[in-house]
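*Asks:* File follows, run-v8.cif with mmCIF, C-alpha atoms:
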```cif
data_input
loop_
_atom_site.label_atom_id
_atom_site.label_comp_id
_atom_site.auth_asym_id
_atom_site.auth_seq_id
_atom_site.Cartn_x
_atom_site.Cartn_y
_atom_site.Cartn_z
CA MET C 51 115.06 85.14 117.71
CA ALA C 52 117.30 86.58 115.00
CA LYS C 53 115.71 87.91 111.84
CA LYS C 54 116.26 85.85 108.72
CA PHE C 55 116.11 86.87 105.09
CA ASN C 56 116.21 84.55 102.09
CA ILE C 57 117.64 86.35 99.08
CA ALA C 58 117.51 84.86 95.59
CA VAL C 59 120.55 86.01 93.62
CA ILE C 60 120.53 85.98 89.82
CA PRO C 61 124.05 86.99 88.68
CA GLY C 62 123.18 86.79 84.97
CA ASP C 63 125.70 87.68 82.29
CA GLY C 64 128.73 89.88 81.64
CA ILE C 65 129.64 91.83 84.77
CA GLY C 66 126.56 90.47 86.57
CA PRO C 67 128.44 87.89 88.67
CA GLU C 68 131.02 90.49 89.78
CA ILE C 69 128.58 93.18 90.85
CA THR C 70 126.14 90.84 92.60
CA SER C 71 129.03 89.21 94.48
CA ALA C 72 130.22 92.65 95.58
CA ALA C 73 126.74 93.70 96.69
CA ILE C 74 126.21 90.52 98.70
CA GLU C 75 129.57 91.11 100.44
CA VAL C 76 128.33 94.52 101.56
CA LEU C 77 124.92 93.16 102.54
CA GLU C 78 126.43 90.33 104.58
CA ALA C 79 128.76 92.75 106.34
CA VAL C 80 126.00 95.09 107.45
CA THR C 81 123.39 92.45 108.33
CA SER C 82 125.82 90.35 110.38
CA ARG C 83 126.52 93.39 112.56
CA LYS C 84 122.79 93.69 113.19
CA GLY C 85 122.39 90.04 114.11
CA ILE C 86 120.39 89.30 110.97
CA GLU C 87 120.87 85.94 109.24
CA LEU C 88 121.17 86.23 105.48
CA PHE C 89 120.64 83.18 103.28
CA THR C 90 121.37 83.47 99.57
CA LYS C 91 120.61 81.10 96.72
CA GLU C 92 122.13 81.59 93.29
CA LEU C 93 119.78 81.12 90.32
CA LYS C 94 120.19 81.17 86.55
CA ALA C 95 118.52 83.47 84.05
CA GLY C 96 119.39 85.22 80.80
CA GLY C 97 122.28 84.06 78.63
CA ASP C 98 123.67 82.00 81.49
CA ALA C 99 120.44 79.98 81.56
CA ILE C 100 120.38 79.69 77.77
CA ASP C 101 123.88 78.18 77.80
CA ASN C 102 122.93 75.71 80.53
CA TYR C 103 119.28 74.93 79.84
CA GLY C 104 118.51 76.25 76.36
CA ILE C 105 115.95 78.76 77.67
CA PRO C 106 116.35 82.21 79.26
CA LEU C 107 114.20 81.57 82.33
CA PRO C 108 113.93 78.05 83.82
CA GLN C 109 110.88 77.29 85.94
CA GLU C 110 113.19 76.46 88.85
CA THR C 111 114.32 80.11 88.87
CA ILE C 112 110.72 81.35 89.01
CA TYR C 113 109.80 78.93 91.81
CA ALA C 114 112.87 79.76 93.90
CA ALA C 115 112.41 83.50 93.35
CA LYS C 116 108.79 83.30 94.51
CA ASP C 117 109.93 81.45 97.63
CA SER C 118 112.40 84.19 98.61
CA ASP C 119 112.02 87.43 100.55
CA ALA C 120 113.63 89.41 97.73
CA VAL C 121 115.51 88.91 94.46
CA LEU C 122 118.83 90.53 93.54
CA LEU C 123 119.58 90.60 89.80
CA GLY C 124 122.86 91.54 88.12
CA ALA C 125 122.37 92.00 84.39
CA VAL C 126 121.42 89.85 81.40
CA GLY C 127 122.27 89.79 77.72
CA GLY C 128 125.22 90.34 75.44
CA PRO C 129 126.31 90.02 71.80
CA LYS C 130 126.87 86.29 72.25
CA TRP C 131 123.09 85.76 72.08
CA ASP C 132 122.14 88.49 69.59
CA ASN C 133 121.37 86.14 66.72
CA ILE C 134 119.17 83.56 68.43
CA ASP C 135 115.37 83.35 68.15
CA PRO C 136 113.82 86.53 69.65
CA SER C 137 111.61 84.42 71.92
CA LEU C 138 114.74 82.91 73.48
CA ARG C 139 116.86 86.03 73.88
CA PRO C 140 118.26 86.71 77.37
CA GLU C 141 116.08 89.82 77.80
CA ARG C 142 112.99 87.60 77.76
CA ALA C 143 114.07 86.50 81.24
CA LEU C 144 113.36 89.99 82.56
CA LEU C 145 109.85 90.04 81.12
CA GLY C 146 109.26 86.54 82.47
CA LEU C 147 110.48 87.44 85.96
CA ARG C 148 108.32 90.54 86.11
CA SER C 149 105.27 88.68 84.89
CA GLY C 150 105.93 85.54 86.97
CA LEU C 151 106.46 87.49 90.20
CA GLY C 152 103.64 89.93 89.49
CA LEU C 153 106.00 92.91 89.50
CA TYR C 154 104.11 95.73 87.83
CA ALA C 155 105.93 98.82 89.14
CA ASN C 156 109.56 99.75 88.55
CA LEU C 157 111.02 102.43 90.82
CA ARG C 158 114.16 104.13 89.53
CA PRO C 159 115.55 106.81 91.85
CA VAL C 160 117.85 109.29 90.13
CA LYS C 161 120.05 111.12 92.61
CA VAL C 162 123.31 112.85 91.82
CA PHE C 163 125.82 112.70 94.66
CA ASP C 164 127.47 116.06 95.28
CA GLU C 165 130.85 114.41 94.67
CA LEU C 166 129.78 113.39 91.15
CA LYS C 167 128.03 116.55 89.95
CA SER C 168 130.87 117.33 87.57
CA ALA C 169 130.28 113.97 85.88
CA SER C 170 126.87 115.09 84.69
CA PRO C 171 126.85 116.36 81.09
CA LEU C 172 124.63 119.23 82.26
CA LYS C 173 126.40 122.50 83.04
CA ASN C 174 124.33 123.30 86.13
CA PRO C 175 122.47 120.14 87.15
CA GLY C 176 121.30 121.51 90.49
CA GLN C 177 120.02 119.17 93.19
CA ILE C 178 118.83 116.23 91.09
CA ASP C 179 116.71 113.88 93.16
CA PHE C 180 113.67 112.32 91.50
CA VAL C 181 112.09 108.89 91.04
CA ILE C 182 110.68 107.39 87.85
CA VAL C 183 107.74 105.05 88.45
CA ARG C 184 107.43 102.89 85.34
CA GLU C 185 104.59 100.48 84.62
CA LEU C 186 106.16 97.09 83.91
CA THR C 187 103.72 94.42 82.78
CA GLY C 188 101.41 96.16 80.32
CA GLY C 189 101.61 98.36 77.27
CA ILE C 190 103.26 97.80 73.93
CA TYR C 191 105.84 95.27 75.20
CA PHE C 192 103.04 92.88 76.17
CA GLY C 193 100.39 93.79 73.59
CA LYS C 194 99.38 91.85 70.52
CA ASN C 195 101.98 91.91 67.77
CA GLY C 196 102.75 90.19 64.52
CA VAL C 197 103.69 90.40 60.85
CA TYR C 198 101.39 89.88 57.85
CA GLN C 199 101.56 90.28 54.09
CA SER C 200 99.54 93.06 52.46
CA GLY C 201 98.91 93.66 48.78
CA ASP C 202 97.51 97.12 49.45
CA ARG C 203 99.26 100.17 48.11
CA LEU C 204 100.38 103.43 49.71
CA PRO C 205 99.04 106.74 48.28
CA ASP C 206 102.08 106.99 46.00
CA GLY C 207 101.44 103.53 44.58
CA THR C 208 104.11 101.65 46.53
CA VAL C 209 103.00 98.12 47.52
CA LYS C 210 102.92 97.73 51.31
CA GLY C 211 104.31 94.19 51.37
CA LYS C 212 105.00 92.93 54.89
CA VAL C 213 103.32 94.84 57.72
CA ALA C 214 104.60 94.60 61.31
CA TYR C 215 102.48 95.79 64.23
CA ASP C 216 102.74 96.17 68.01
CA THR C 217 99.71 97.11 70.11
CA GLU C 218 99.66 99.51 73.06
CA SER C 219 96.91 98.39 75.42
CA TYR C 220 96.15 99.34 79.04
CA SER C 221 93.25 98.60 81.35
CA GLU C 222 91.87 100.83 84.09
CA GLY C 223 93.10 98.37 86.72
CA GLU C 224 96.66 98.36 85.39
CA ILE C 225 96.79 102.14 85.31
CA ASN C 226 95.14 102.78 88.67
CA ARG C 227 97.43 100.47 90.63
CA ILE C 228 100.61 102.09 89.28
CA LEU C 229 99.15 105.58 89.81
CA LYS C 230 98.43 104.75 93.45
CA ILE C 231 102.05 103.71 94.00
CA ALA C 232 103.21 106.98 92.41
CA PHE C 233 100.86 109.18 94.44
CA ASP C 234 101.78 107.36 97.68
CA LEU C 235 105.47 107.79 96.90
CA ALA C 236 104.99 111.49 96.18
CA MET C 237 103.36 111.88 99.60
CA LYS C 238 106.54 110.49 101.21
CA ARG C 239 108.77 112.82 99.21
CA ARG C 240 108.26 116.44 98.07
CA LYS C 241 104.60 115.98 97.12
CA LYS C 242 105.02 116.61 93.38
CA LEU C 243 103.88 114.15 90.71
CA THR C 244 104.27 114.38 86.94
CA LEU C 245 102.45 112.07 84.53
CA VAL C 246 104.29 111.59 81.24
CA ASP C 247 102.11 110.48 78.34
CA LYS C 248 101.19 111.23 74.71
CA ALA C 249 97.54 112.10 75.29
CA ASN C 250 97.40 114.37 72.25
CA VAL C 251 97.81 111.31 69.99
CA LEU C 252 97.24 108.04 71.89
CA VAL C 253 93.87 106.84 73.21
CA SER C 254 95.64 104.77 75.89
CA SER C 255 97.46 107.90 77.10
CA ARG C 256 94.18 109.77 77.39
CA MET C 257 92.95 107.05 79.73
CA TRP C 258 96.11 107.48 81.84
CA ARG C 259 95.45 111.22 82.05
CA THR C 260 91.75 110.83 82.89
CA LEU C 261 92.39 108.32 85.69
CA ALA C 262 95.27 110.33 87.14
CA SER C 263 93.16 113.49 87.13
CA GLN C 264 90.47 111.62 89.04
CA MET C 265 92.88 110.09 91.57
CA CYS C 266 94.55 113.40 92.37
CA PHE C 267 91.40 114.40 94.29
CA ASP C 268 92.32 111.68 96.82
CA TYR C 269 95.71 113.35 97.26
CA PRO C 270 94.98 117.07 97.64
CA GLU C 271 98.47 117.74 99.03
CA VAL C 272 100.18 116.46 95.88
CA GLU C 273 100.97 118.99 93.15
CA PHE C 274 99.98 117.09 89.99
CA ASN C 275 100.81 117.95 86.39
CA CYS C 276 101.12 116.25 82.99
CA LEU C 277 103.76 116.41 80.26
CA TYR C 278 103.83 114.92 76.79
CA ILE C 279 106.76 112.52 76.36
CA ASP C 280 108.49 114.71 73.75
CA ASN C 281 108.33 117.70 76.09
CA ALA C 282 109.33 115.60 79.10
CA VAL C 283 112.61 114.45 77.56
CA MET C 284 113.49 118.10 76.93
CA GLN C 285 112.47 119.27 80.40
CA LEU C 286 114.57 116.56 82.05
CA ILE C 287 117.57 118.19 80.39
CA ASN C 288 116.43 121.76 80.94
CA ARG C 289 115.23 121.56 84.55
CA PRO C 290 115.94 118.13 86.09
CA SER C 291 115.98 119.48 89.65
CA SER C 292 112.28 120.48 89.37
CA PHE C 293 111.08 116.86 89.18
CA ASP C 294 110.11 114.77 92.20
CA VAL C 295 108.10 111.70 91.11
CA ILE C 296 107.45 110.82 87.46
CA VAL C 297 104.89 108.14 86.57
CA THR C 298 104.57 106.74 83.07
CA SER C 299 103.90 103.74 80.85
CA ASN C 300 106.24 100.86 80.10
CA LEU C 301 107.62 102.22 76.82
CA PHE C 302 108.03 105.84 77.92
CA GLY C 303 109.51 104.74 81.25
CA ASP C 304 112.10 102.67 79.42
CA ILE C 305 113.21 105.72 77.43
CA LEU C 306 113.17 108.21 80.31
CA SER C 307 115.11 105.90 82.63
CA ASP C 308 118.08 105.71 80.27
CA GLU C 309 118.03 109.46 79.73
CA ALA C 310 118.00 109.96 83.48
CA GLY C 311 121.01 107.66 83.80
CA GLN C 312 122.99 109.92 81.50
CA ILE C 313 121.91 113.04 83.40
CA ALA C 314 123.24 111.49 86.61
CA GLY C 315 126.73 111.21 85.12
CA SER C 316 126.98 107.44 85.16
CA ILE C 317 124.35 104.78 84.71
CA GLY C 318 126.56 102.60 86.91
CA MET C 319 125.40 104.54 89.97
CA LEU C 320 121.67 103.98 89.57
CA PRO C 321 119.68 101.32 91.44
CA SER C 322 116.13 100.16 90.81
CA ALA C 323 113.36 98.15 92.41
CA SER C 324 110.51 96.26 90.77
CA ILE C 325 107.57 95.68 93.09
CA GLY C 326 104.06 94.31 92.93
CA THR C 327 101.39 93.07 95.28
CA PRO C 328 102.36 93.63 98.94
CA GLY C 329 103.79 90.43 100.41
CA THR C 330 105.36 89.26 97.16
CA PRO C 331 109.16 89.43 96.73
CA GLY C 332 110.52 92.49 94.97
CA LEU C 333 113.29 92.39 92.39
CA TYR C 334 116.25 94.72 92.83
CA GLU C 335 118.84 95.47 90.15
CA PRO C 336 121.14 98.19 88.84
CA VAL C 337 119.87 100.13 85.83
CA HIS C 338 122.92 99.41 83.66
CA GLY C 339 123.46 96.47 81.32
CA SER C 340 125.82 93.50 81.30
CA ALA C 341 128.87 95.35 79.83
CA PRO C 342 130.50 92.16 78.48
CA ASP C 343 133.47 94.17 77.17
CA ILE C 344 134.77 94.69 80.73
CA ALA C 345 133.56 91.45 82.32
CA GLY C 346 136.09 89.69 84.51
CA GLN C 347 138.55 92.60 84.46
CA ASN C 348 137.82 94.15 87.88
CA LYS C 349 136.55 97.30 86.13
CA ALA C 350 132.81 97.17 86.81
CA ASN C 351 131.16 99.73 89.08
CA PRO C 352 129.23 97.78 91.76
CA LEU C 353 127.72 100.86 93.45
CA GLY C 354 124.44 100.73 91.52
CA THR C 355 123.98 97.13 92.67
CA ILE C 356 125.02 97.98 96.23
CA LEU C 357 122.50 100.83 96.27
CA SER C 358 119.91 98.37 94.93
CA CYS C 359 120.57 96.33 98.07
CA ALA C 360 119.80 99.46 100.09
CA MET C 361 116.46 99.67 98.28
CA MET C 362 115.96 95.98 99.02
CA MET C 363 116.51 96.49 102.74
CA ARG C 364 114.12 99.43 102.73
CA GLY C 365 111.56 97.23 101.00
CA LEU C 366 112.05 94.69 103.78
CA ASN C 367 111.39 97.42 106.37
CA GLU C 368 115.05 97.67 107.39
CA GLU C 369 115.37 101.44 107.04
CA GLU C 370 118.43 101.69 109.29
CA ILE C 371 120.40 99.19 107.22
CA ALA C 372 119.35 100.91 103.98
CA SER C 373 120.57 104.26 105.27
CA GLU C 374 123.86 102.76 106.47
CA ILE C 375 124.57 101.33 103.02
CA GLU C 376 123.75 104.63 101.31
CA ASN C 377 125.91 106.59 103.76
CA ALA C 378 128.80 104.15 103.23
CA VAL C 379 128.60 104.71 99.47
CA LYS C 380 128.60 108.48 100.01
CA LYS C 381 131.66 108.26 102.30
CA THR C 382 133.44 106.13 99.71
CA LEU C 383 132.84 108.75 97.04
CA GLU C 384 133.92 111.52 99.43
CA SER C 385 137.20 109.68 99.93
CA GLY C 386 137.92 110.13 96.22
CA LEU C 387 137.76 106.51 95.09
CA ARG C 388 136.46 106.16 91.54
CA THR C 389 135.81 103.31 89.14
CA SER C 390 136.50 104.15 85.49
CA ASP C 391 132.89 105.08 84.64
CA ILE C 392 132.85 107.84 87.28
CA THR C 393 136.32 109.15 86.50
CA PHE C 394 136.10 112.26 84.38
CA VAL C 395 138.25 115.02 82.95
CA GLY C 396 138.64 118.11 85.09
CA GLU C 397 137.67 116.58 88.44
CA GLY C 398 140.98 117.35 90.11
CA LYS C 399 143.81 115.39 91.63
CA ASN C 400 142.15 114.23 94.84
CA THR C 401 140.71 111.08 93.32
CA THR C 402 142.03 107.54 93.06
CA PRO C 403 141.10 105.13 90.26
CA VAL C 404 140.15 101.72 91.65
CA GLY C 405 138.49 98.49 90.55
CA THR C 406 135.42 96.56 91.60
CA LYS C 407 137.05 94.78 94.51
CA GLU C 408 138.75 97.86 95.92
CA ILE C 409 135.67 100.08 95.92
CA THR C 410 133.59 97.26 97.44
CA LYS C 411 136.08 96.91 100.30
CA ALA C 412 135.96 100.65 100.85
CA VAL C 413 132.16 100.59 101.15
CA ILE C 414 132.40 97.79 103.72
CA ASP C 415 135.06 99.70 105.65
CA ASN C 416 132.78 102.77 105.65
CA LEU C 417 129.76 100.97 107.06
#
```
Spit out the file's structure as structure tokens when you get a sec.
*Replies:*
Amino acid sequence: MAKKFNIAVIPGDGIGPEITSAAIEVLEAVTSRKGIELFTKELKAGGDAIDNYGIPLPQETIYAAKDSDAVLLGAVGGPKWDNIDPSLRPERALLGLRSGLGLYANLRPVKVFDELKSASPLKNPGQIDFVIVRELTGGIYFGKNGVYQSGDRLPDGTVKGKVAYDTESYSEGEINRILKIAFDLAMKRRKKLTLVDKANVLVSSRMWRTLASQMCFDYPEVEFNCLYIDNAVMQLINRPSSFDVIVTSNLFGDILSDEAGQIAGSIGMLPSASIGTPGTPGLYEPVHGSAPDIAGQNKANPLGTILSCAMMMRGLNEEEIASEIENAVKKTLESGLRTSDITFVGEGKNTTPVGTKEITKAVIDNL
């Protein structure tokens, strides 16, 4: 009996529909050759859902996503929805999906293809190949927050007035489960793990460091170290090739992931996976945003989304398909085809500028 996979597809906003369509084309091409049946169902979330339903994440989307084997997401958001109530902004769909599907770990591999090394802003980037493991459902983004009026005064006599607060809170259970994913991943890679925190200031960070230091005894082969977030952002620039697996909190992971995208030369090349309890569907998406300024113009780079599909197949235990997709992307880059975001000054004359459709076709031809 042929294998079957049900994939929930959330195109989202901006270039989302273009890049998810391209990725599904590639996925269908490779799975059909393997005799695998692929069933896709398109769902609404983000600004698209706001326009149609008045909310960023309809319950139907959550139910259908839970009923799938995996979820492919394009991108959400855009200036069109910047001025609506914060509780209804498109980005709330991401938090809702992560929470609703129980996705507490975000894996963001950062690998610079040899063909794109010159695109990195670093002079000598070396062999950059590391993974950021970011906690997704705890921390300051989900902690208590609010605004209140205070008549108290600051030391210089200034009245405080309105006070806004956001609370960073983590439990042992939340920290231990993400640490285990990071340690297990390090064991499958180069056996190096770095915890990024702010333990010299934050109580929550000190708990991260304590629990990680305890867990490292269960993984004696893993070289474990800690870096403060301010030092980590510098070291990622100074010595990016020395990192293997980085594990960190929701807020710090958000910051480091975008920095890593710049190091890689183009954020359009980076995939990601959000996973949770084994047996629940993972969510796979490119790291970049919705780029509404180039939507519908055949300019978007679909490779980050296509590589997200490779991560999806690996998550579904289809290692061979994942590798074929990754190799096809590499061959496409070797052939000199470039979307505008990975076209850079000084690369040489052996490259050809192409659009979304053309580079997608090339990947399929290289499978």
*Asks:* Do you know which residues the PyMOL selection byres ((chain C and resi 81) around 10) returns on this file, as a list in words?
*Replies:*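 Selected by the PyMOL selection byres ((chain C and resi 81) around 10) in this file: Lys53, Lys54, Phe55, Val76, Leu77, Glu78, Ala79, Val80, Ser82, Arg83, Lys84, Gly85, Ile86, Glu87, Leu88, Met363, Glu368 and Ile371 of chain C.
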*Asks:* Scan for residues within 12 Å of the point (107.3, 89.9, 83.5) in the coordinates of the file, using all atoms listed in the file, and reply as a ChimeraX atom specification.
*Replies:* /C:107,112,141-156,185-189,191-192,300,324-326,333
*Asks:* Restricting the calculation to all atoms listed in the file, which member of C:Gln177, C:Asn56, C:Ser255, C:Asn288 is positioned closest to Phe89 (chain C)?
*Replies:* C:Asn56
*Asks:* In the coordinates of the file, take the point (92.9, 112.2, 78.5) and a cut-off of 12 Å; then, counting only C-alpha atoms, name each qualifying protein, DNA or RNA residue as a list in words.
*Replies:*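 Checking each residue against the 12 Å limit leaves Leu245, Val246, Asp247, Lys248, Ala249, Asn250, Val251, Leu252, Val253, Ser254, Ser255, Arg256, Met257, Trp258, Arg259, Thr260, Leu261, Ala262, Ser263, Gln264, Cys276, Leu277 and Tyr278 of chain C.
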*Asks:* Report the closest atom pair, with its distance in Å rounded to one decimal, for each residue of region 108-204 of chain C that has an atom no farther than 9 Å from region 231-240 of chain C; count only C-alpha atoms, sort by chain and then rising residue number, and write it as a tab-separated table.
*Replies:*
```
residue	atom	partner	partner_atom	distance
C:Ala155	CA	C:Ile231	CA	7.9
C:Val181	CA	C:Leu235	CA	8.9
C:Ile182	CA	C:Ala232	CA	8.8
C:Val183	CA	C:Ala232	CA	6.3
```
*Asks:* Find the residues near Lys210 (chain C): any atom within 6 Å, counting all atoms listed in the file, skip ones fewer than 2 places away on the same chain, and give them as a list of chain:residue names.
*Replies:*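 So, after excluding close chain neighbours, the residues are C:Ser200, C:Asp202, C:Arg203.
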*Asks:* How about saving the chosen residues, C-alpha atoms kept, as a PDB file, keeping the file's coordinate frame?
*Replies:*
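Saved file selection-v9.pdb follows:
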```pdb
ATOM      1  CA  SER C 200      99.540  93.060  52.460  1.00  0.00           C
ATOM      2  CA  ASP C 202      97.510  97.120  49.450  1.00  0.00           C
ATOM      3  CA  ARG C 203      99.260 100.170  48.110  1.00  0.00           C
TER       4      ARG C 203
END
```
*Asks:* May I ask which of the residues C:Leu229, C:Glu75, C:Gly354, C:Phe302 is the closest one to Ala412 (chain C), counting all atoms listed in the file?
*Replies:* C:Glu75
*Asks:* Need the shell around Ala169 (chain C): protein/DNA/RNA residues with any atom at most 8 Å away, counting all atoms listed in the file. Skip same-chain ones fewer than 3 positions apart. Format as a PyMOL selection string?
*Replies:* chain C and resi 166+314-316+392-394
*Asks:* Kindly indicate which residue among C:Pro352, C:Tyr113, C:Asp179, C:Asn416 lies nearest to Ile74 (chain C), using only C-alpha atoms for the distances.
*Replies:*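 Between C:Pro352, C:Tyr113, C:Asp179, C:Asn416, the residue approaching Ile74 (chain C) most closely is C:Pro352.
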*Asks:* If we count all atoms listed in the file and set the cut-off at 7 Å, which residues sit around region 121-124 of chain C, ignoring sequence neighbours fewer than 4 positions away in its own chain? Please answer as a PyMOL selection string.
*Replies:* chain C and resi 57-62+66-67+69-70+115+331-336
*Asks:* Restricting the calculation to all atoms listed in the file, which member of C:Gly303, C:Gln312, C:Ile190, C:Pro270 is positioned closest to Lys167 (chain C)?
*Replies:* C:Gln312
*Asks:* Written as a list of chain:residue names, what is the full residue list that the PyMOL selection byres ((chain C and resi 320) around 6) yields on the file shown?
*Replies:* C:Ile317, C:Gly318, C:Met319, C:Pro321, C:Pro336, C:Val337, C:Gly354
*Asks:* Would you translate the PyMOL selection byres ((chain C and resi 272) around 7) into the concrete set of residues it matches in this file, as a ChimeraX atom specification?
*Replies:* /C:236-237,241-243,269-271,273-274
*Asks:* Please indicate the distance in Å from CA of Val197 (chain C) to CA of Val213 (chain C), rounded to one decimal place.
*Replies:*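 It comes out at 5.4 Å.
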*Asks:* What gap, in Å, lies between CA of Asp101 (chain C) and CA of His338 (chain C)?
*Replies:*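 For CA of Asp101 (chain C) relative to CA of His338 (chain C), the distance reads 22.0 Å.
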*Asks:* Just need the box for region 384-387 of chain C, edges along x, y and z, holding every atom the file lists for it with 5 Å tacked onto each side, so centre and edge lengths in Å to one decimal, as JSON.
*Replies:*
```
{"center_x": 135.9, "center_y": 109.0, "center_z": 97.5, "size_x": 14.0, "size_y": 15.0, "size_z": 14.8}
```
*Asks:* Kindly give the distance, in Å, that separates CA of Lys91 (chain C) and CA of Ser137 (chain C), rounded to a single decimal.
*Replies:*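 Distance between the two atoms: 26.6 Å.
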*Asks:* Between C:Lys116, C:Lys94, C:Lys161, C:Lys407, single out the one closest to Ile313 (chain C), counting only C-alpha atoms.
*Replies:*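 Nearest to Ile313 (chain C): C:Lys161.
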*Asks:* Hey, what's within 9 Å of Lys194 (chain C) if we count all atoms listed in the file and toss same-chain stuff fewer than 5 positions away? As an MDAnalysis selection string, please?
*Replies:* chainID C and resid 215:219
